[in-house]
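Enquirer: Have a look at this one.
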Amino acid sequence: MTDLVNNFAIKIATVNGTGSASANSLLMKSIFRAGIPVMGKNYFPSNIQGLPTWYEIRVTKDSYVARSGNIDVMVAMNAETYARDVREVTSGGYLIFDNTWPRPALLARDDITVLGVPLARLCNENFNGVRTRILMKNICYTGVLAALLDLDIAKIRELLAETYAKKPALVDSNMKAIELGYNYTRENFKCPLPVHVAPLPGGGKTKGHILIDGNTAAGLGCVFAGATVAAWYPITPSTSVMDAFKGFADKLRVDPDSGKKNFAFIQAEDELAAIGMVLGANWNGARAFTATSGPGLSLMNEFLGLAYYAEVPAVLFDIQRVGPSTGMPTRTQQCDILEGAYASHGDTKHVCLFPRDPEECFYFARDAFDLAERLQTPIMVMSDLDIGMNDWMCPDLKWDDNYVPDRGKVLDKEAIEKLEKFHRYLDVDGDGIPYRTLPGVHPKGAYFTRGSGHTQYGAYTEDSAEYQIVLDRLTRKFHTAKRFVPKPVIEQDAHIDIAVVAYGSSDGAVREALDILAAHGVKTNYMRLRSFPFGEEVEKFLESQKLVFVIEQNRDGQMRSLLTLETRVEKAKLRSLLHYSGLPISSEFIVKGVLAEIEPKARKAEVKGVA
Amino acid sequence: MTFLPKPKVRHPSLPKNALGLTRRDYEGGLSTLCAGCGHDSITAAIIEASWGLDVEPQNMVKLSGIGCSSKTTAYFVSGGHGFNSVHGRMPSIAMGANAANRNLMYIGVSGDGDTLSIGLGQFCHAIRRNLNMAYIIENNGVYGLTKGQFSASADLGTKAKKGEVNQQPPIDPVLLALTLGATFVARSFSGDKEQLVPLIQAALRHKGFALIDVLSPCVTFNDHEGSTKSYQYTREHYDAAVHADFVPFQREISAKYAEGDALPVVLHDGSRILLRKIDSTYDPTDRAKATTAIGERLKKGEFLTGLLYVDTTGKDFHDVNETPAIPLNQIPHNRLSPGSAALAKVLARYR
């Protein structure tokens with residue numbers, strides 16, 4: 001461990017339902033406000049109370065946004081997981097535990113420093129009531145960490161006052177618990193530890209940044225993009241997209257004069273209905289969206305096929321979680337890539353966007369509505385639990401007040417009036433995108449939307465040639481989509497022919513890994529995919545490389561499959577690096593994976609532990 | 001083929017409605033259903049009802065799922081948009097469409113398979129939301145397009161064409177709707193246009209979910225001896241409890257019913273339904289009593305018909321959601337997007 005000032009990771013092991021979330025958020029924000037970039041990851045069970053939960057905070061002066069793979073300070077509050085928590089501390093690190101009760105011998109480790117604080121005793125002596133004592137014990141460790149890491153106790157009080165603006169009594173009781181831990185620690189240990197926080201002047205590196213989770217950013221993006229109909233069925237980890245949308249809309253979308261809501265919020269009976277409502281609303285000219293996760297996406301398949309074939313816009317956020325089946329609902333993966341790209345039976349293909357963080361969730365929400373209406377097809381924003389439910393440091397979100405929504409080729413009353421006859425599925429412009437009309441505008445614009453075989457004029461057909469004309473045009477439309485979807489981000493040096501390809505939440509870990517690899521003399525190019533279908537940039541990049549690591553958070557290398565199916569790339573040069581434990585991918589994993597492939601064995605031993 | 005253009009032949013003597021449109025203007029494509037299908041009579045009743053209501057054709061939105069019945073939305077009001085969705089999922093499309101534009105008139109046509117088997121969940125929840133639409137079930141107790149399987153509305157003991165006897169109890173959409181809190185529940189028979197047309201008009205004008213379960217015999221797969229959904233059986237076992245006459249608001253003066261003859265029910269838009277009780281003991285405004293009466297007759301294998309229950313005081317989806325009078329799809333973007341200043345304020349919470 002070298003320079004540990006503003007550069008370390010804390011992990012806190014607790015039991016869920018004991019108030020640890022507010023303690024962790026307090027810690028994270030107080031570091032963020034000291035100007036130092038932070039990353040927070042919550043590893044929680046699919047449960048309401050009583051099961052193990054962990055929170056990892058990485059303090060990262062270099063602004064890395066992923067897990068490093070190291071744990072420098074462990075706060076082991078959960079007896080049930082003590083043993084594994086102790087094992088996880090990086091050599092030379094610190095373990096803080098509640099020494100109200102004796103520490104079992106099996107927890108002994110010679111290479112770490114163990115600090116015992118009688119948290120339960122302190123709280124039992126100072127607070128009444130079982131529930132209060134449990135909650136305060138968790139707030140108390142915040143005080144211990146504040147002393148050890150040199151956090152500003154006045155700033156913590158400020159944060160508490162903001163959080164409990166409406167319940168001032170809670171500020172005092174929480175502060176009392178924090179001070180108990182803080183004072184005990186200062187009296188009994190040498191503070192601060194070599195691992196600590198040193199505030200950066202003038203707002204430091206967090207100035208102009210926010211700490212926000214991807215689901216909140218996505219919901220916010222939908223409000224700004226002008227979504228008016230939100231239909232959904234509750235499913236972890238997507239529910240908070242809808243909670244966020246409703247929360248913001250309740251404040252920002254209520255007509256000041258009438259008090260009426262300029263949005264409809266519909267909790268559907270299941271995901272089949274949720275996507276049906278989204279299609280009905282978009283078909284009728286509203287911007288409508290839903291959010292779901294793997295099992296919900298499976299249920300939505302039939303309707304997604306209809307939307308593809310009948311050309312109905314839709315926006316769907318898939319907050320991916322661990323599959324297959326119910327899987328591990330509170331753990332993260334990128335395991336719906338193929339499900340999204342090819343949802344539904346028959347020849348179907350869907351436009352997918354891959355945001356890397358909450359910032360892109362916000363902007364992609366806007367882009368998704370524009371694309372859906374431009375292309376008259378469902379757009380899937382493939383986020384994941386890590387992006388969606390963890391707080392990420394992002395540059396301030398910006399909104400261009402001159403933004404005009406792209407409503408696509410919708411004919412208004414005057415345009416319909418001028419037509420001799422309206423043909424719904426005719427390729428007038430040669431880009432594969434037909435014109436559409438909305439109900440209630442003009443009887444001449446009326447047509448029959450159907451999932452059964454239809455002609456380019458919109459009539460039912462069972463005629464092979466007529467059917468194929470429409471199907472082939474849909475292929476052309478998908479090619480057109482390549483021009484509109486977000487381009488890949490490519491960092492390329494012409495002299496290098498080894499590359500890393502990644503997408504979504506892996507980006508942060510990849511960027512750090514590339515820095516570490518470069519420091520060890522291994523230089524690679526990097527392409528971050530941001531959308532499907534793949535455009536010419538993707539083809540060219542892959543063509544120019546000899547060896548390409550495709551980094552994904554799933555078992556089967558789904559993006560690698562999609563690349564081999566949908567580009568000209570030679571399958572053999574795509575090498576998968578797959579992380580599918582359910583925890584967010586770490587930079588260490590990528591460094592090791594790349595080195596294992598391209599470095600001699602001796603070299604591997606040398607760089608072990610650098611990450 | 002489910003859609004064939006119908007030649008537009010107009011005769012100057014055809015009667016016109018207030019919009020100057022003739023009944024021909026409310027027709028759609030040629031039906032491709034079997035000759036004598038009850039569904040075609042219902043289509044004719046919808047055309048008659050829409051013409052009589054002076055519906056602007058483009059303001060009618062026609063929704064359906066999959067099956068023989070669901071094809072029929074192509075056979076009426078060709079000036080209105082139609083959406084033939086997926087099997088059993090029409091209510092969700094209707095919900096979304098209605099959320100986007102509350103000012104259009106929504107009519108859904110479904111079958112007993114589409115509604116009571118694959119679509120039972122969505123049907124129930126559309127009722128719970130009191131989604132403002134007319135929902136017609138063309139109920140024949142049998143799957144037509146797949147050739148004669150029992151549907152969930154097949155009565156106990158009814159015989160299939162091939163001789164099989166149904167041993168599972170039926171789901172009765174009328175009783176189900178009453179249990180779920182439906183605000184407009186009717187039953188009719190495709191062979192009784194006089195009863196059906198005003199029912200459809202009232203359903204189209206009712207604010208909320210209006211169900212009409214129309215017994216509509218399948219001439220090909222369920223019109224034989226031993227079937228309880230044949231023309232003959234239905235004619236012998238259906239019994240009107242309440243006749244509903246629909247009186248549009250603007251034509252009130254010409255209503256020919258004297259006070260006392262009928263119970264007037266005023267709808268949201270000022271139009272009225274005049275209920276004439278045929279069975280004096282039946283009360284179409286008492287949910288519990290109506291449910292009991294219908295259930296008792298069903299036990300005897302008989303169908304009470306007419307407007308069986310109506311409540312005009314229910315809140316529809318938009319009342320509950322508190323949406324404005326202007327359709328959501330017509331609010332300009334600058335009123336929807338809060339703008340950069342509002343965003344900056346929001347962000348303060350995330351520092």
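All residue names refer to the structure tokens as shown: chains lettered A, B, ... in order, residues numbered from 1 in each chain, ligands numbered from 1 in order.
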Which neighbours of Asn140 in chain B fall inside 10 Å, counting only C-alpha atoms, when residues of the same chain fewer than 3 positions from it are skipped, and could you give them as a VMD selection string?
Expert: chain B and resid 38 to 39 69 111 to 113 137 143 to 144 150 to 151 153 to 154 214 to 219 221 to 223 228 to 231
Enquirer: Select from chain A every residue with an atom at most 6 Å from any atom of chain B, then for each give the shortest pair of atoms and their distance in Å to one decimal, using only C-alpha atoms, rows by chain and rising number, as a tab-separated table.
Expert:
residue	atom	partner	partner_atom	distance
A:Ile210	CA	B:Arg351	CA	5.0
A:Leu211	CA	B:Tyr350	CA	5.3
A:Phe224	CA	B:Ser337	CA	4.5
A:Gly226	CA	B:Leu336	CA	5.2
A:Lys260	CA	B:Pro324	CA	5.2
A:Lys261	CA	B:Thr323	CA	4.9
A:Ala273	CA	B:Ser92	CA	5.1
A:Gly276	CA	B:Ser92	CA	4.9
A:Met277	CA	B:Gly96	CA	3.8
A:Val278	CA	B:Gly96	CA	5.8
A:Gly280	CA	B:Ile93	CA	4.1
A:Ala281	CA	B:Gly96	CA	4.1
A:Asn284	CA	B:Ala97	CA	5.4
A:Gly285	CA	B:Asn329	CA	5.5
A:Ala286	CA	B:Asn329	CA	4.6
A:Trp399	CA	B:Ser340	CA	5.0
A:Asp401	CA	B:Gly339	CA	5.7
A:Pro439	CA	B:His81	CA	5.4
A:Gly440	CA	B:Asn59	CA	4.5
A:His442	CA	B:Gln58	CA	5.6
A:Pro443	CA	B:Gly79	CA	4.2
A:Ala446	CA	B:His81	CA	4.6
A:Tyr447	CA	B:His81	CA	5.3
A:Phe448	CA	B:Gly82	CA	4.5
A:Thr449	CA	B:Phe83	CA	4.6
A:Arg450	CA	B:Asn84	CA	4.8
Enquirer: Write out as an MDAnalysis selection string the set of residues from range 217-296 of chain B that DSSP, computed on the backbone, places in helix (DSSP H, G or I).
Expert: chainID B and resid 231:237 249:254 287:296
Enquirer: Go ahead and save the picked residues with N, CA and C atoms, as a short mmCIF file (atom, residue, chain, number, x, y, z; two decimals), in the first residue's frame.
Expert:
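So the final result, stored in again-v2.cif, reads:
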data_model
loop_
_atom_site.label_atom_id
_atom_site.label_comp_id
_atom_site.auth_asym_id
_atom_site.auth_seq_id
_atom_site.Cartn_x
_atom_site.Cartn_y
_atom_site.Cartn_z
N TYR B 231 -78.05 -20.62 -31.60
CA TYR B 231 -79.11 -19.63 -31.81
C TYR B 231 -80.38 -20.07 -31.12
N GLN B 232 -80.73 -21.36 -31.34
CA GLN B 232 -82.00 -21.83 -30.81
C GLN B 232 -82.02 -21.78 -29.28
N TYR B 233 -80.94 -22.29 -28.66
CA TYR B 233 -80.89 -22.31 -27.19
C TYR B 233 -80.93 -20.89 -26.64
N THR B 234 -80.17 -20.00 -27.26
CA THR B 234 -80.11 -18.63 -26.77
C THR B 234 -81.49 -17.95 -26.86
N ARG B 235 -82.14 -18.13 -28.02
CA ARG B 235 -83.47 -17.53 -28.17
C ARG B 235 -84.44 -18.04 -27.12
N GLU B 236 -84.30 -19.32 -26.79
CA GLU B 236 -85.24 -19.91 -25.83
C GLU B 236 -84.92 -19.54 -24.39
N HIS B 237 -83.66 -19.20 -24.11
CA HIS B 237 -83.26 -19.01 -22.72
C HIS B 237 -82.84 -17.60 -22.36
N PHE B 249 -78.03 13.83 -25.56
CA PHE B 249 -78.30 15.12 -24.93
C PHE B 249 -79.04 16.07 -25.86
N GLN B 250 -78.51 16.19 -27.07
CA GLN B 250 -79.06 17.20 -27.98
C GLN B 250 -80.44 16.82 -28.51
N ARG B 251 -80.83 15.57 -28.33
CA ARG B 251 -82.14 15.18 -28.88
C ARG B 251 -83.18 14.99 -27.78
N GLU B 252 -82.83 15.48 -26.63
CA GLU B 252 -83.67 15.22 -25.48
C GLU B 252 -85.13 15.59 -25.73
N ILE B 253 -85.32 16.71 -26.41
CA ILE B 253 -86.67 17.22 -26.61
C ILE B 253 -87.56 16.23 -27.35
N SER B 254 -86.95 15.50 -28.26
CA SER B 254 -87.75 14.60 -29.07
C SER B 254 -88.01 13.25 -28.39
N ARG B 287 -76.11 -3.21 -6.93
CA ARG B 287 -75.12 -4.19 -7.38
C ARG B 287 -75.37 -5.58 -6.77
N ALA B 288 -75.63 -5.61 -5.47
CA ALA B 288 -75.78 -6.89 -4.80
C ALA B 288 -77.02 -7.63 -5.28
N LYS B 289 -78.12 -6.89 -5.39
CA LYS B 289 -79.37 -7.54 -5.83
C LYS B 289 -79.26 -8.00 -7.28
N ALA B 290 -78.65 -7.17 -8.11
CA ALA B 290 -78.49 -7.52 -9.52
C ALA B 290 -77.67 -8.81 -9.63
N THR B 291 -76.59 -8.85 -8.85
CA THR B 291 -75.71 -10.02 -8.88
C THR B 291 -76.49 -11.28 -8.51
N THR B 292 -77.28 -11.19 -7.47
CA THR B 292 -78.06 -12.35 -7.03
C THR B 292 -79.05 -12.79 -8.10
N ALA B 293 -79.78 -11.81 -8.64
CA ALA B 293 -80.80 -12.14 -9.64
C ALA B 293 -80.18 -12.79 -10.87
N ILE B 294 -79.06 -12.24 -11.33
CA ILE B 294 -78.42 -12.79 -12.54
C ILE B 294 -77.93 -14.21 -12.25
N GLY B 295 -77.31 -14.37 -11.07
CA GLY B 295 -76.77 -15.67 -10.68
C GLY B 295 -77.85 -16.73 -10.57
N GLU B 296 -78.99 -16.35 -10.02
CA GLU B 296 -80.07 -17.33 -9.88
C GLU B 296 -80.60 -17.79 -11.22
#
Enquirer: For Thr455 in chain A, work out the shell of residues within 12 Å, counting only C-alpha atoms and skipping chain neighbours fewer than 2 positions away, then give it as a ChimeraX atom specification.
Expert: /A:309-310,423-427,447-453,457-473 /B:3
Enquirer: Just the strand (DSSP E or B) stuff from range 102-230 of chain B, please, per backbone DSSP, written as number ranges by chain.
Expert: B: 105-111, 133-139, 142, 150, 159, 165, 184-189, 209-215
Enquirer: Could those residues be written to a file, using C-alpha atoms, as a compact mmCIF listing (two decimals), in the first residue's frame?
Expert:
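So again-v1.txt came out as:
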# COMPACT_ATOMS: atom_id res chain seq x y z
CA MET B 105 -64.05 7.34 -28.01
CA TYR B 106 -62.66 3.90 -27.35
CA ILE B 107 -64.43 0.73 -28.36
CA GLY B 108 -62.94 -2.69 -27.78
CA VAL B 109 -64.26 -5.85 -29.36
CA SER B 110 -63.09 -9.14 -27.94
CA GLY B 111 -64.19 -12.74 -27.65
CA MET B 133 -64.19 2.52 -22.97
CA ALA B 134 -66.97 0.37 -24.35
CA TYR B 135 -65.93 -3.27 -24.17
CA ILE B 136 -67.93 -5.75 -26.19
CA ILE B 137 -67.47 -9.47 -25.74
CA GLU B 138 -68.73 -11.47 -28.68
CA ASN B 139 -69.43 -14.56 -26.63
CA VAL B 142 -66.02 -21.71 -28.42
CA PHE B 150 -64.37 -25.05 -25.54
CA LYS B 159 -71.74 -30.37 -25.98
CA VAL B 165 -69.23 -32.65 -22.96
CA PHE B 184 -71.82 -0.41 -16.58
CA VAL B 185 -72.72 -4.04 -17.13
CA ALA B 186 -74.99 -5.28 -19.87
CA ARG B 187 -75.79 -8.49 -21.64
CA SER B 188 -77.44 -8.88 -25.00
CA PHE B 189 -77.86 -11.21 -27.92
CA PHE B 209 -65.71 0.89 -18.30
CA ALA B 210 -68.88 -0.27 -20.05
CA LEU B 211 -69.18 -3.99 -20.61
CA ILE B 212 -71.62 -5.57 -23.00
CA ASP B 213 -71.50 -9.34 -23.07
CA VAL B 214 -73.19 -10.26 -26.34
CA LEU B 215 -74.21 -13.86 -26.82
Enquirer: Tell me, in Å to one decimal, how far CA of Asp111 in chain A is from CA of Ile36 in chain A.
Expert: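 About the pair CA of Asp111 in chain A and CA of Ile36 in chain A: they are 28.1 Å apart.
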Enquirer: Using Å and a single decimal, report how far CA of Phe422 in chain A sits from CA of Gly445 in chain A.
Expert: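 If I compute the distance from CA of Gly445 in chain A to CA of Phe422 in chain A, I get 5.9 Å.
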Enquirer: So which residues touch Ser576 in chain A within 8 Å, counting only C-alpha atoms, skipping near sequence neighbours fewer than 5 positions away, as a list in words?
Expert: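 Near Ser576 in chain A, the qualifying residues are Phe549, Val550, Ile551, Glu552, Gly557 and Arg560 of chain A.
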Enquirer: How would the residues just chosen look if you wrote them out with C-alpha atoms as a PDB file, in the first residue's frame?
Expert:
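result23.pdb, written as the output of this step:
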ATOM      1  CA  PHE A 549     -10.790  -8.545 -25.396  1.00  0.00           C
ATOM      2  CA  VAL A 550     -14.523  -8.311 -25.033  1.00  0.00           C
ATOM      3  CA  ILE A 551     -15.256  -7.526 -21.419  1.00  0.00           C
ATOM      4  CA  GLU A 552     -18.680  -8.373 -20.131  1.00  0.00           C
ATOM      5  CA  GLY A 557     -20.166 -13.537 -23.681  1.00  0.00           C
ATOM      6  CA  ARG A 560     -19.219 -11.159 -28.235  1.00  0.00           C
TER       7      ARG A 560
END
